[in-house]
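These notes concern the structure reproduced below.
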Amino acid sequence: MNQTLTTDQGLSIQHICKQFGDVKALNDVSLDVAPGEFFTLLGPSGCGKTTLLRIIAGLELADSGRIFSGGKEITHLPAIKRQVNTVFQSYALFPHLTIYENVAFGLRSRKFPEDEIKKRVDRRLEMLDLGPMARRHPHQLSGGQKQRVALARALVNEPDVLLLDEPMSALDARLRAQVQEDLRRLQRKLRRTFILVTHDQAEALVCSDRIAVMRQGHVVQCGEPEMVYDYPRDSFVAQFLGAANLIEATRVPGGVQTAFGFLALEKAPSWEKGTVAIRPEWIGIGETEPQCNGIRARVSEIVYRGTNFDLWLEPGPIRVRTSSYRRIDPGREVWLELAPKELVILEDETR
Ligand code: ATP
């Protein structure tokens, strides 16, 4: 999304703090979400994602800070008056109602005319491939189907913002991957704002226009998926978004001194002592010594992952990812290339 954000469009979260007893669940969180954006709150358990989502939904009140939607302040607006719908982890379907009635529920309680209800419900059921299930009850559906009913029920109200609280956590890995892509496609088609909460980095990368990585009540980094993956700010983000080799380093002219010797960098770090990172798939592997940043290493372990091999090498250990047709057995000596453009200088976390 290349939209310039202002507080008069989209959702603007400003300096939100929330404390439960001694626990600072949210500590000065500010974020802007553009209209029609797929925005993800990503972080480990307990970092404050759900609390933030509940504050956006109006299910929880912030201790301080403000929230604006479409330029209007909604900080103290009751949940029912917000143009926001939530899909919960548990789906929260009514077991005694049919799928059709589950989806119609919100419109019925808002006293929509029957023909309008039918039109809207049929459209959503069809869009989510649920047409043939309309007369069934929730217990007659699979996990993935229930998940789609929960989505249909939220979308039928045509909310400006759809909040998704780990909606795929009950699905098995294969179905989950499919639903992630479906959700992305659906959001593109509807062009509504989706805010997803997840601790699954792959899910965040697949679905999002932008990701906010959270830790202990703070937003550590916010940006497009490629940006946060390729340029993690610190070692927490580097490791949370995927595998990363973290190398302790001391600044010297032209680069850094490390346990592997001198490594050239594209620019000088701001710190004296710190960390550089490189993803396993960015490391070159070959028989001849590279011109720059070569490390002679021996394969100690190989793990097959279907799409690729993960190699562990000494000294290090360094993890390198090679394609699945490139098997290099333990014991072999190779040259690794940690090209300067692939080395990410992480921020000094001791400050
Ligand atoms: P998870 O992925 O496990 O759901 P989360 O990132 O969504 O975690 P939150 O549920 O927002 O985290 O919780 C943030 C912190 O606030 C946690 O330490 C949690 O124990 C605490 N917390 C959340 N809700 C309450 C509450 N109602 N009462 C007391 N503490 C709470």
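We name chains A, B, ... following the order of the structure tokens; residues begin at 1 in each chain, and ligands are numbered from 1 as shown.
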
- Message: Residues contacting ligand 1 - anything with an atom at most 10 Å away, using only C-alpha atoms and all ligand atoms - can you give me those as a ChimeraX atom specification?
- Response: /A:18-26,41-55,60,89,165-166,197-200,214-217

For the residues selected in the previous step, produce a file with C-alpha atoms as a PDB file, in the first residue's frame.
```pdb
ATOM      1  CA  LYS A  18      -3.399  -0.399  28.940  1.00  0.00           C
ATOM      2  CA  GLN A  19      -2.386  -1.964  32.219  1.00  0.00           C
ATOM      3  CA  PHE A  20      -3.856  -5.031  33.987  1.00  0.00           C
ATOM      4  CA  GLY A  21      -2.587  -4.931  37.599  1.00  0.00           C
ATOM      5  CA  ASP A  22       1.203  -4.894  37.270  1.00  0.00           C
ATOM      6  CA  VAL A  23       1.175  -6.000  33.625  1.00  0.00           C
ATOM      7  CA  LYS A  24       1.647  -3.281  31.016  1.00  0.00           C
ATOM      8  CA  ALA A  25      -0.272  -4.998  28.203  1.00  0.00           C
ATOM      9  CA  LEU A  26       0.120  -1.976  25.883  1.00  0.00           C
ATOM     10  CA  LEU A  41      -0.534  -7.513  14.440  1.00  0.00           C
ATOM     11  CA  LEU A  42       2.155 -10.172  14.805  1.00  0.00           C
ATOM     12  CA  GLY A  43       3.898 -11.197  18.008  1.00  0.00           C
ATOM     13  CA  PRO A  44       4.427 -13.904  20.622  1.00  0.00           C
ATOM     14  CA  SER A  45       1.837 -14.895  23.194  1.00  0.00           C
ATOM     15  CA  GLY A  46       1.199 -12.158  25.749  1.00  0.00           C
ATOM     16  CA  CYS A  47       2.625  -9.248  23.703  1.00  0.00           C
ATOM     17  CA  GLY A  48      -0.699  -7.368  23.736  1.00  0.00           C
ATOM     18  CA  LYS A  49      -2.160  -8.130  20.282  1.00  0.00           C
ATOM     19  CA  THR A  50      -5.585  -9.238  21.484  1.00  0.00           C
ATOM     20  CA  THR A  51      -5.835  -6.398  23.975  1.00  0.00           C
ATOM     21  CA  LEU A  52      -5.231  -3.913  21.153  1.00  0.00           C
ATOM     22  CA  LEU A  53      -7.812  -5.636  18.962  1.00  0.00           C
ATOM     23  CA  ARG A  54     -10.376  -5.537  21.787  1.00  0.00           C
ATOM     24  CA  ILE A  55      -9.714  -1.832  22.320  1.00  0.00           C
ATOM     25  CA  GLU A  60     -12.052  -2.951  26.266  1.00  0.00           C
ATOM     26  CA  GLN A  89     -10.679 -17.648  17.398  1.00  0.00           C
ATOM     27  CA  ASP A 165      -8.458 -12.695  16.215  1.00  0.00           C
ATOM     28  CA  GLU A 166      -6.357 -15.745  15.281  1.00  0.00           C
ATOM     29  CA  VAL A 197      -4.003 -10.896  15.012  1.00  0.00           C
ATOM     30  CA  THR A 198      -1.605 -13.829  14.746  1.00  0.00           C
ATOM     31  CA  HIS A 199       1.564 -15.295  16.207  1.00  0.00           C
ATOM     32  CA  ASP A 200       2.238 -17.164  12.944  1.00  0.00           C
ATOM     33  CA  MET A 214       4.792  -6.481  18.666  1.00  0.00           C
ATOM     34  CA  ARG A 215       6.744  -7.380  21.781  1.00  0.00           C
ATOM     35  CA  GLN A 216       5.896  -6.760  25.434  1.00  0.00           C
ATOM     36  CA  GLY A 217       3.263  -4.121  24.729  1.00  0.00           C
TER      37      GLY A 217
END
```

- Query: Excluding same-chain residues fewer than 2 positions from A:Asp28, what lies within 6 Å of it counting only C-alpha atoms, as number ranges by chain?
  - Reply: A: 15-17

Export of the given selection (all heavy atoms) as a CSV table (one decimal), in the first residue's frame:
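Now in out.csv:
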```
chain,number,residue,atom,x,y,z
A,15,HIS,N,-1.0,6.6,20.8
A,15,HIS,CA,-0.5,6.5,22.2
A,15,HIS,C,-1.3,5.7,23.2
A,15,HIS,O,-1.7,6.1,24.3
A,15,HIS,CB,-0.3,7.9,22.7
A,15,HIS,CG,0.6,8.8,21.8
A,15,HIS,ND1,1.9,8.5,21.7
A,15,HIS,CD2,0.3,9.8,21.0
A,15,HIS,CE1,2.4,9.4,20.8
A,15,HIS,NE2,1.4,10.2,20.4
A,16,ILE,N,-1.7,4.5,22.7
A,16,ILE,CA,-2.6,3.7,23.6
A,16,ILE,C,-1.8,3.0,24.7
A,16,ILE,O,-0.8,2.3,24.4
A,16,ILE,CB,-3.3,2.6,22.7
A,16,ILE,CG1,-4.3,3.3,21.8
A,16,ILE,CG2,-4.0,1.6,23.6
A,16,ILE,CD1,-5.6,3.9,22.4
A,17,CYS,N,-2.3,3.1,25.9
A,17,CYS,CA,-1.7,2.4,27.0
A,17,CYS,C,-2.8,1.6,27.7
A,17,CYS,O,-3.9,2.1,27.8
A,17,CYS,CB,-1.1,3.3,28.1
A,17,CYS,SG,0.4,4.2,27.4
```

- Query: Which neighbours of A:Glu333 fall inside 10 Å, counting only C-alpha atoms, when residues of the same chain fewer than 5 positions from it are skipped, and could you give them as a ChimeraX atom specification?
  - Reply: /A:286-287,296-300,313-314,328

- Query: Tell me, which residues of stretch 115-167 of chain A carry DSSP strand (DSSP E or B), written as a list of chain:residue names?
  - Reply: A:Val161, A:Leu162, A:Leu163, A:Leu164, A:Asp165

Using N, CA, C and O atoms, can you export the residues from the last selection as a PDB file, in the first residue's frame?
```
ATOM      1  N   VAL A 161     -14.375  -2.000   9.136  1.00  0.00           N
ATOM      2  CA  VAL A 161     -13.170  -2.692   9.591  1.00  0.00           C
ATOM      3  C   VAL A 161     -13.542  -4.085  10.087  1.00  0.00           C
ATOM      4  O   VAL A 161     -14.471  -4.233  10.884  1.00  0.00           O
ATOM      5  N   LEU A 162     -12.838  -5.091   9.597  1.00  0.00           N
ATOM      6  CA  LEU A 162     -13.043  -6.452  10.081  1.00  0.00           C
ATOM      7  C   LEU A 162     -11.839  -6.856  10.927  1.00  0.00           C
ATOM      8  O   LEU A 162     -10.704  -6.791  10.462  1.00  0.00           O
ATOM      9  N   LEU A 163     -12.118  -7.240  12.173  1.00  0.00           N
ATOM     10  CA  LEU A 163     -11.046  -7.646  13.078  1.00  0.00           C
ATOM     11  C   LEU A 163     -11.022  -9.167  13.149  1.00  0.00           C
ATOM     12  O   LEU A 163     -12.068  -9.798  13.329  1.00  0.00           O
ATOM     13  N   LEU A 164      -9.846  -9.746  12.995  1.00  0.00           N
ATOM     14  CA  LEU A 164      -9.728 -11.208  12.957  1.00  0.00           C
ATOM     15  C   LEU A 164      -8.764 -11.648  14.050  1.00  0.00           C
ATOM     16  O   LEU A 164      -7.564 -11.364  13.973  1.00  0.00           O
ATOM     17  N   ASP A 165      -9.296 -12.296  15.078  1.00  0.00           N
ATOM     18  CA  ASP A 165      -8.458 -12.695  16.215  1.00  0.00           C
ATOM     19  C   ASP A 165      -8.052 -14.157  16.066  1.00  0.00           C
ATOM     20  O   ASP A 165      -8.806 -15.051  16.430  1.00  0.00           O
TER      21      ASP A 165
END
```

What's the 8 Å shell around A:Asp348, counting only C-alpha atoms, without same-chain residues fewer than 6 positions away, as a PDB file with all heavy atoms, in the first residue's frame?
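Dumped everything to result.pdb:
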```
ATOM      1  N   ASP A 234      15.798  -5.472  14.678  1.00  0.00           N
ATOM      2  CA  ASP A 234      16.655  -6.023  15.738  1.00  0.00           C
ATOM      3  C   ASP A 234      16.597  -7.558  15.711  1.00  0.00           C
ATOM      4  O   ASP A 234      15.919  -8.145  14.864  1.00  0.00           O
ATOM      5  CB  ASP A 234      16.254  -5.459  17.110  1.00  0.00           C
ATOM      6  CG  ASP A 234      14.823  -5.781  17.476  1.00  0.00           C
ATOM      7  OD1 ASP A 234      14.249  -6.722  16.880  1.00  0.00           O
ATOM      8  OD2 ASP A 234      14.261  -5.104  18.349  1.00  0.00           O
ATOM      9  N   TRP A 271      27.008   1.344  15.864  1.00  0.00           N
ATOM     10  CA  TRP A 271      27.547   0.856  17.136  1.00  0.00           C
ATOM     11  C   TRP A 271      29.024   0.447  17.031  1.00  0.00           C
ATOM     12  O   TRP A 271      29.537   0.257  15.926  1.00  0.00           O
ATOM     13  CB  TRP A 271      26.719  -0.302  17.693  1.00  0.00           C
ATOM     14  CG  TRP A 271      26.168  -1.296  16.685  1.00  0.00           C
ATOM     15  CD1 TRP A 271      24.866  -1.390  16.296  1.00  0.00           C
ATOM     16  CD2 TRP A 271      26.882  -2.319  15.950  1.00  0.00           C
ATOM     17  NE1 TRP A 271      24.725  -2.400  15.364  1.00  0.00           N
ATOM     18  CE2 TRP A 271      25.939  -2.991  15.147  1.00  0.00           C
ATOM     19  CE3 TRP A 271      28.202  -2.729  15.894  1.00  0.00           C
ATOM     20  CZ2 TRP A 271      26.279  -4.048  14.294  1.00  0.00           C
ATOM     21  CZ3 TRP A 271      28.555  -3.788  15.043  1.00  0.00           C
ATOM     22  CH2 TRP A 271      27.598  -4.426  14.260  1.00  0.00           C
ATOM     23  N   GLY A 274      28.094  -4.999  18.194  1.00  0.00           N
ATOM     24  CA  GLY A 274      26.681  -5.256  17.939  1.00  0.00           C
ATOM     25  C   GLY A 274      26.488  -6.565  17.197  1.00  0.00           C
ATOM     26  O   GLY A 274      27.307  -7.483  17.318  1.00  0.00           O
ATOM     27  N   THR A 275      25.400  -6.633  16.419  1.00  0.00           N
ATOM     28  CA  THR A 275      25.056  -7.877  15.738  1.00  0.00           C
ATOM     29  C   THR A 275      24.730  -7.606  14.271  1.00  0.00           C
ATOM     30  O   THR A 275      24.046  -6.628  13.964  1.00  0.00           O
ATOM     31  CB  THR A 275      23.808  -8.518  16.416  1.00  0.00           C
ATOM     32  OG1 THR A 275      24.052  -8.578  17.817  1.00  0.00           O
ATOM     33  CG2 THR A 275      23.534  -9.915  15.896  1.00  0.00           C
TER      34      THR A 275
END
```

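Nearest residue to A:Arg210, choosing from A:Gln239, A:Arg153, A:Cys222, A:Arg124 and counting only C-alpha atoms: A:Cys222.
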
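Nearest-residue note for A:Arg123: choosing from A:Ala104, A:Arg327, A:Ile211, A:Val303, the minimum distance belongs to A:Ala104, counting only C-alpha atoms.
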
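Each of A:Leu196, A:Leu336, A:Ile74, A:Val121 was checked against A:Thr322 using only C-alpha atoms; the smallest atom-to-atom distance is that of A:Leu336.
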
- Item | d(atom CA of A:Gln14, atom CA of A:Val213) in Å | 16.6 Å

- Please provide as a PyMOL selection string all residues within 12 Å of A:Phe262, with the sequence filter that same-chain residues fewer than 3 positions apart are discarded (counting only C-alpha atoms). chain A and resi 247-259+265+292-295+338+340
